[in-house]
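Trainee: Dropping in work37.pdb, which is PDB, C-alpha atoms and all ligand atoms:
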```
ATOM      1  CA  MET A   1      45.602 -17.487 -27.884
ATOM      2  CA  LYS A   2      45.157 -13.790 -28.467
ATOM      3  CA  LYS A   3      41.971 -14.405 -30.492
ATOM      4  CA  MET A   4      40.562 -16.475 -27.652
ATOM      5  CA  PHE A   5      41.103 -13.584 -25.223
ATOM      6  CA  LYS A   6      39.177 -11.227 -27.479
ATOM      7  CA  MET A   7      36.203 -13.556 -27.581
ATOM      8  CA  ILE A   8      36.147 -13.795 -23.823
ATOM      9  CA  SER A   9      36.280 -10.059 -23.349
ATOM     10  CA  ALA A  10      33.455  -9.603 -25.854
ATOM     11  CA  ALA A  11      31.366 -12.054 -23.824
ATOM     12  CA  ALA A  12      32.246 -10.156 -20.670
ATOM     13  CA  VAL A  13      30.920  -6.935 -22.196
ATOM     14  CA  VAL A  14      27.610  -8.595 -23.037
ATOM     15  CA  VAL A  15      27.263  -9.882 -19.476
ATOM     16  CA  ALA A  16      28.033  -6.444 -18.082
ATOM     17  CA  ALA A  17      25.345  -4.899 -20.295
ATOM     18  CA  ALA A  18      22.785  -7.470 -19.153
ATOM     19  CA  VAL A  19      23.612  -6.772 -15.511
ATOM     20  CA  ALA A  20      23.210  -3.052 -16.096
ATOM     21  CA  LEU A  21      19.760  -3.609 -17.625
ATOM     22  CA  THR A  22      18.682  -5.822 -14.751
ATOM     23  CA  ALA A  23      19.946  -3.338 -12.194
ATOM     24  CA  CYS A  24      17.994  -0.599 -13.924
ATOM     25  CA  SER A  25      14.655  -2.406 -13.891
ATOM     26  CA  THR A  26      15.225  -3.555 -10.314
ATOM     27  CA  SER A  27      15.764  -0.048  -9.038
ATOM     28  CA  GLU A  28      12.570   1.047 -10.789
ATOM     29  CA  SER A  29      10.396  -1.620  -9.203
ATOM     30  CA  SER A  30      11.932  -1.113  -5.766
ATOM     31  CA  SER A  31      11.264   2.607  -5.782
ATOM     32  CA  THR A  32       7.974   2.112  -3.956
ATOM     33  CA  THR A  33       8.303   1.240  -0.289
ATOM     34  CA  VAL A  34       5.383   0.439   1.986
ATOM     35  CA  SER A  35       6.115   0.308   5.685
ATOM     36  CA  ASP A  36       4.025  -0.810   8.644
ATOM     37  CA  PRO A  37       0.868  -1.805   6.755
ATOM     38  CA  TRP A  38      -1.926  -2.665   9.168
ATOM     39  CA  VAL A  39      -5.647  -3.179   9.142
ATOM     40  CA  ARG A  40      -8.067  -2.492  11.937
ATOM     41  CA  VAL A  41      -9.570  -5.367  13.913
ATOM     42  CA  THR A  42     -13.387  -5.347  13.736
ATOM     43  CA  ALA A  43     -16.242  -6.334  15.988
ATOM     44  CA  PRO A  44     -18.452  -9.255  14.837
ATOM     45  CA  LYS A  45     -21.154  -7.171  13.158
ATOM     46  CA  GLN A  46     -19.005  -4.392  11.740
ATOM     47  CA  MET A  47     -19.189  -4.261   7.958
ATOM     48  CA  ASN A  48     -16.138  -2.127   7.328
ATOM     49  CA  SER A  49     -12.506  -1.942   8.293
ATOM     50  CA  ALA A  50      -9.636   0.225   7.105
ATOM     51  CA  ALA A  51      -6.008  -0.270   6.154
ATOM     52  CA  TYR A  52      -3.195   2.114   6.985
ATOM     53  CA  MET A  53       0.462   2.314   5.977
ATOM     54  CA  LYS A  54       3.303   4.610   5.094
ATOM     55  CA  ILE A  55       4.232   4.817   1.414
ATOM     56  CA  THR A  56       7.476   6.292   0.157
ATOM     57  CA  VAL A  57       8.626   6.546  -3.448
ATOM     58  CA  SER A  58      11.800   7.622  -5.211
ATOM     59  CA  GLU A  59       9.765   9.352  -7.907
ATOM     60  CA  ASP A  60       6.432  11.169  -7.522
ATOM     61  CA  ASP A  61       3.604   8.684  -7.980
ATOM     62  CA  VAL A  62      -0.151   8.504  -7.490
ATOM     63  CA  LEU A  63      -2.094   5.814  -5.644
ATOM     64  CA  THR A  64      -5.139   5.243  -7.849
ATOM     65  CA  GLY A  65      -6.824   2.262  -6.234
ATOM     66  CA  ALA A  66      -6.748  -0.632  -3.813
ATOM     67  CA  SER A  67      -8.319  -4.047  -3.555
ATOM     68  CA  VAL A  68      -8.519  -7.006  -1.186
ATOM     69  CA  PRO A  69      -9.338 -10.673  -1.861
ATOM     70  CA  SER A  70     -13.080 -11.404  -2.076
ATOM     71  CA  SER A  71     -12.628 -13.845   0.817
ATOM     72  CA  ILE A  72     -11.919 -10.765   2.954
ATOM     73  CA  ALA A  73     -14.359  -8.139   1.714
ATOM     74  CA  GLY A  74     -16.483  -6.990  -1.187
ATOM     75  CA  ARG A  75     -14.409  -3.988  -2.121
ATOM     76  CA  ALA A  76     -11.834  -1.446  -1.055
ATOM     77  CA  GLU A  77     -11.927   2.295  -1.617
ATOM     78  CA  LEU A  78      -9.518   5.155  -1.127
ATOM     79  CA  HIS A  79     -10.923   7.451   1.546
ATOM     80  CA  GLU A  80     -10.046  10.682   3.225
ATOM     81  CA  THR A  81     -11.244  11.616   6.685
ATOM     82  CA  THR A  82     -12.685  15.075   6.277
ATOM     83  CA  LYS A  83     -13.672  15.829   9.846
ATOM     84  CA  PRO A  84     -10.849  15.653  12.382
ATOM     85  CA  MET A  85     -11.767  13.432  15.296
ATOM     86  CA  ASP A  86     -11.275  14.571  18.843
ATOM     87  CA  ASP A  87      -8.795  12.559  20.839
ATOM     88  CA  MET A  88      -8.037  10.041  18.115
ATOM     89  CA  SER A  89      -5.178   8.844  20.268
ATOM     90  CA  MET A  90      -7.486   7.992  23.151
ATOM     91  CA  ASP A  91      -9.716   5.474  21.422
ATOM     92  CA  THR A  92      -9.613   4.864  17.711
ATOM     93  CA  SER A  93     -11.491   1.578  17.765
ATOM     94  CA  SER A  94     -14.940   2.874  16.982
ATOM     95  CA  THR A  95     -15.017   6.584  16.158
ATOM     96  CA  GLU A  96     -13.844   6.405  12.571
ATOM     97  CA  MET A  97     -15.899   3.362  11.675
ATOM     98  CA  ASN A  98     -19.086   4.699  13.176
ATOM     99  CA  ASP A  99     -18.834   8.191  11.837
ATOM    100  CA  MET A 100     -19.457   7.456   8.189
ATOM    101  CA  THR A 101     -20.188  11.080   7.410
ATOM    102  CA  GLY A 102     -16.728  12.125   8.502
ATOM    103  CA  MET A 103     -15.050  10.686   5.429
ATOM    104  CA  LYS A 104     -15.314  10.724   1.698
ATOM    105  CA  GLN A 105     -14.095   8.598  -1.179
ATOM    106  CA  VAL A 106     -11.235  10.025  -3.223
ATOM    107  CA  SER A 107     -10.221   8.917  -6.713
ATOM    108  CA  SER A 108      -6.506   9.085  -5.998
ATOM    109  CA  ILE A 109      -3.891   9.949  -3.396
ATOM    110  CA  ASN A 110      -0.713  11.760  -4.388
ATOM    111  CA  VAL A 111       2.525  10.166  -3.218
ATOM    112  CA  PRO A 112       5.299  12.737  -3.485
ATOM    113  CA  ALA A 113       8.924  11.604  -3.612
ATOM    114  CA  ASP A 114       9.531  14.225  -0.954
ATOM    115  CA  GLY A 115       8.070  12.730   2.221
ATOM    116  CA  GLY A 116       5.712  10.186   0.697
ATOM    117  CA  VAL A 117       2.286   9.793   2.249
ATOM    118  CA  THR A 118       1.080   8.196   5.453
ATOM    119  CA  LEU A 119      -2.351   6.585   5.520
ATOM    120  CA  LYS A 120      -3.425   6.868   9.136
ATOM    121  CA  PRO A 121      -6.495   7.174  11.355
ATOM    122  CA  GLY A 122      -7.944  10.646  10.874
ATOM    123  CA  GLY A 123      -6.401  11.038   7.414
ATOM    124  CA  PHE A 124      -6.196   9.080   4.198
ATOM    125  CA  HIS A 125      -7.052   5.411   4.507
ATOM    126  CA  ILE A 126      -8.045   2.398   2.469
ATOM    127  CA  MET A 127     -11.626   1.590   3.385
ATOM    128  CA  ILE A 128     -12.316  -2.129   3.315
ATOM    129  CA  MET A 129     -16.044  -2.520   2.781
ATOM    130  CA  ASP A 130     -18.624  -5.304   2.978
ATOM    131  CA  LEU A 131     -16.439  -7.559   5.092
ATOM    132  CA  ALA A 132     -16.947 -11.263   4.461
ATOM    133  CA  LYS A 133     -16.057 -11.932   8.109
ATOM    134  CA  PRO A 134     -14.647 -10.053  11.089
ATOM    135  CA  VAL A 135     -10.996  -9.050  10.921
ATOM    136  CA  THR A 136      -9.226 -10.727  13.821
ATOM    137  CA  GLU A 137      -6.049  -9.739  15.643
ATOM    138  CA  GLY A 138      -2.883 -10.925  13.900
ATOM    139  CA  GLU A 139      -4.660 -11.857  10.678
ATOM    140  CA  GLU A 140      -2.845 -10.884   7.492
ATOM    141  CA  VAL A 141      -4.825  -9.149   4.781
ATOM    142  CA  ALA A 142      -3.274  -8.928   1.328
ATOM    143  CA  VAL A 143      -3.943  -5.410   0.105
ATOM    144  CA  THR A 144      -3.210  -4.741  -3.558
ATOM    145  CA  LEU A 145      -2.294  -1.125  -4.206
ATOM    146  CA  THR A 146      -2.428   0.287  -7.721
ATOM    147  CA  PHE A 147      -0.058   3.103  -8.584
ATOM    148  CA  GLU A 148       0.036   5.210 -11.715
ATOM    149  CA  LYS A 149       3.743   4.524 -12.264
ATOM    150  CA  ALA A 150       4.676   1.557 -10.088
ATOM    151  CA  GLY A 151       1.644  -0.511 -11.099
ATOM    152  CA  LYS A 152       0.358  -3.062  -8.629
ATOM    153  CA  VAL A 153       2.058  -3.541  -5.277
ATOM    154  CA  VAL A 154       0.767  -6.169  -2.844
ATOM    155  CA  VAL A 155       1.337  -5.715   0.874
ATOM    156  CA  ASP A 156       0.352  -7.940   3.795
ATOM    157  CA  ALA A 157      -1.390  -5.752   6.311
ATOM    158  CA  VAL A 158      -1.465  -7.237   9.813
ATOM    159  CA  ALA A 159      -4.660  -6.799  11.821
ATOM    160  CA  ARG A 160      -4.421  -4.960  15.126
ATOM    161  CA  GLU A 161      -6.552  -2.786  17.374
ATOM    162  CA  GLY A 162      -4.977   0.479  16.344
TER     163      GLY A 162
HETATM  164 CU    CU B   1     -13.363   5.474   5.109
END
```
Can the structure from this file be put into C-alpha cells for me?
Ligand SMILES: [Cu+2]
Mentor:
Amino acid sequence: MKKMFKMISAAAVVVAAAVALTACSTSESSSTTVSDPWVRVTAPKQMNSAAYMKITVSEDDVLTGASVPSSIAGRAELHETTKPMDDMSMDTSSTEMNDMTGMKQVSSINVPADGGVTLKPGGFHIMIMDLAKPVTEGEEVAVTLTFEKAGKVVVDAVAREG
C-alpha cells in the first residue's frame, strides 16, 4: 500500500513537470499581441493598399517582414511614411496611397516591450502591393508578420475605409 502511494506521487511529479514546460512555451508564444488589425479599402484601379495594427510584446522584438496570400496581392513591404500628411484625420482614403514619394521601404520595425508599436496612417505601415483585386469593405486579409523572436504570426486584418 505504501509502495503504491510512492509510485503515484512519482507520476504526479512527472505530470507537474510537463505542465510547467507547457506553460513556459505557451507564455513565450503568447507574448506577441496584435490588436485592431485592419487594411484599407481600395478603389477599383488602385494597385496598392496598406495594413495597420497595434503590436505589443512582452520582450523587445523586431518586425522583419510581412506577407499576404498571392490571391490578395503580389507582395507586402514594411513602409514608413516620411512626410507627415496634413489633416490625415480629415480624409485618409487617398492621400497616402497617391503620394508614393511620401514613404519609404524599411527593412525592419522595432517593437519595444515598453509601449510596443502602432502601425497607422502617417507612420509605419505594411504596404500591400500589386493587388490581385480591389480590397472591399469587411473583407478579411490574412497578413503574416515575421518577427525576429516570435517567428511568424498571422492576423486577419479587416478591410475598412480608415
Ligand atoms: Cu507605403
Trainee: What does the structure give for the distance between CA of Gly138 in chain A and CA of Ala50 in chain A, in Å to one decimal?
Mentor: 14.7 Å
Trainee: Considering all atoms listed in the file, state which residue in the set A:Trp38, A:Ala43, A:Gly115, A:Lys54 is at the smallest distance from Val141 in chain A.
Mentor: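 Smallest distance to Val141 in chain A is found for A:Trp38.
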Trainee: Give as number ranges by chain the residues surrounding ligand CU 1 (chain B) up to a distance of 10 Å, considering only C-alpha atoms and all ligand atoms.
Mentor: A: 48-51, 76-82, 96-106, 121-129
Trainee: Which distance in Å separates CA of Asp114 in chain A and CA of Ala142 in chain A, to one decimal?
Mentor: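 It comes out at 26.6 Å.
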Trainee: Glu137 in chain A: which residues within 10 Å, counting only C-alpha atoms, same-chain residues fewer than 6 positions away excluded, as a list in words?
Mentor: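 Using only C-alpha atoms, the neighbours found are Val39, Arg40, Val41, Thr42, Val158, Ala159, Arg160 and Glu161 of chain A.
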Trainee: Pick from A:Met53, A:Thr64, A:Lys45, A:Leu131: nearest to Val117 in chain A, with all atoms listed in the file counted?
Mentor: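 Smallest separation from Val117 in chain A among the options: A:Met53.
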Trainee: As an exercise, work out the distance from CA of Ala113 in chain A to CA of Thr146 in chain A in Å and give it to one decimal place.
Mentor: 16.5 Å
Trainee: Can you tell me which residues surround Asp61 in chain A at a distance of at most 10 Å, considering all atoms listed in the file, apart from same-chain residues fewer than 6 positions away, and format the answer as a short mmCIF file (atom, residue, chain, number, x, y, z; two decimals) with C-alpha atoms, in the coordinates of the input?
Mentor:
```cif
data_model
loop_
_atom_site.label_atom_id
_atom_site.label_comp_id
_atom_site.auth_asym_id
_atom_site.auth_seq_id
_atom_site.Cartn_x
_atom_site.Cartn_y
_atom_site.Cartn_z
CA THR A 32 7.97 2.11 -3.96
CA ILE A 109 -3.89 9.95 -3.40
CA ASN A 110 -0.71 11.76 -4.39
CA VAL A 111 2.52 10.17 -3.22
CA PRO A 112 5.30 12.74 -3.48
CA ALA A 113 8.92 11.60 -3.61
CA GLY A 116 5.71 10.19 0.70
CA PHE A 147 -0.06 3.10 -8.58
CA GLU A 148 0.04 5.21 -11.72
CA LYS A 149 3.74 4.52 -12.26
CA ALA A 150 4.68 1.56 -10.09
CA GLY A 151 1.64 -0.51 -11.10
#
```
Trainee: Which one of A:Val135, A:Ser67, A:Gly162, A:Thr144 sits closest to Val34 in chain A if you count only C-alpha atoms?
Mentor: A:Thr144
Trainee: Taking all atoms listed in the file into account, name the residue in A:Asp156, A:Leu63, A:Ser71, A:Ile55 that is nearest to Glu139 in chain A.
Mentor: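 Under the stated criterion, the closest residue is A:Asp156.
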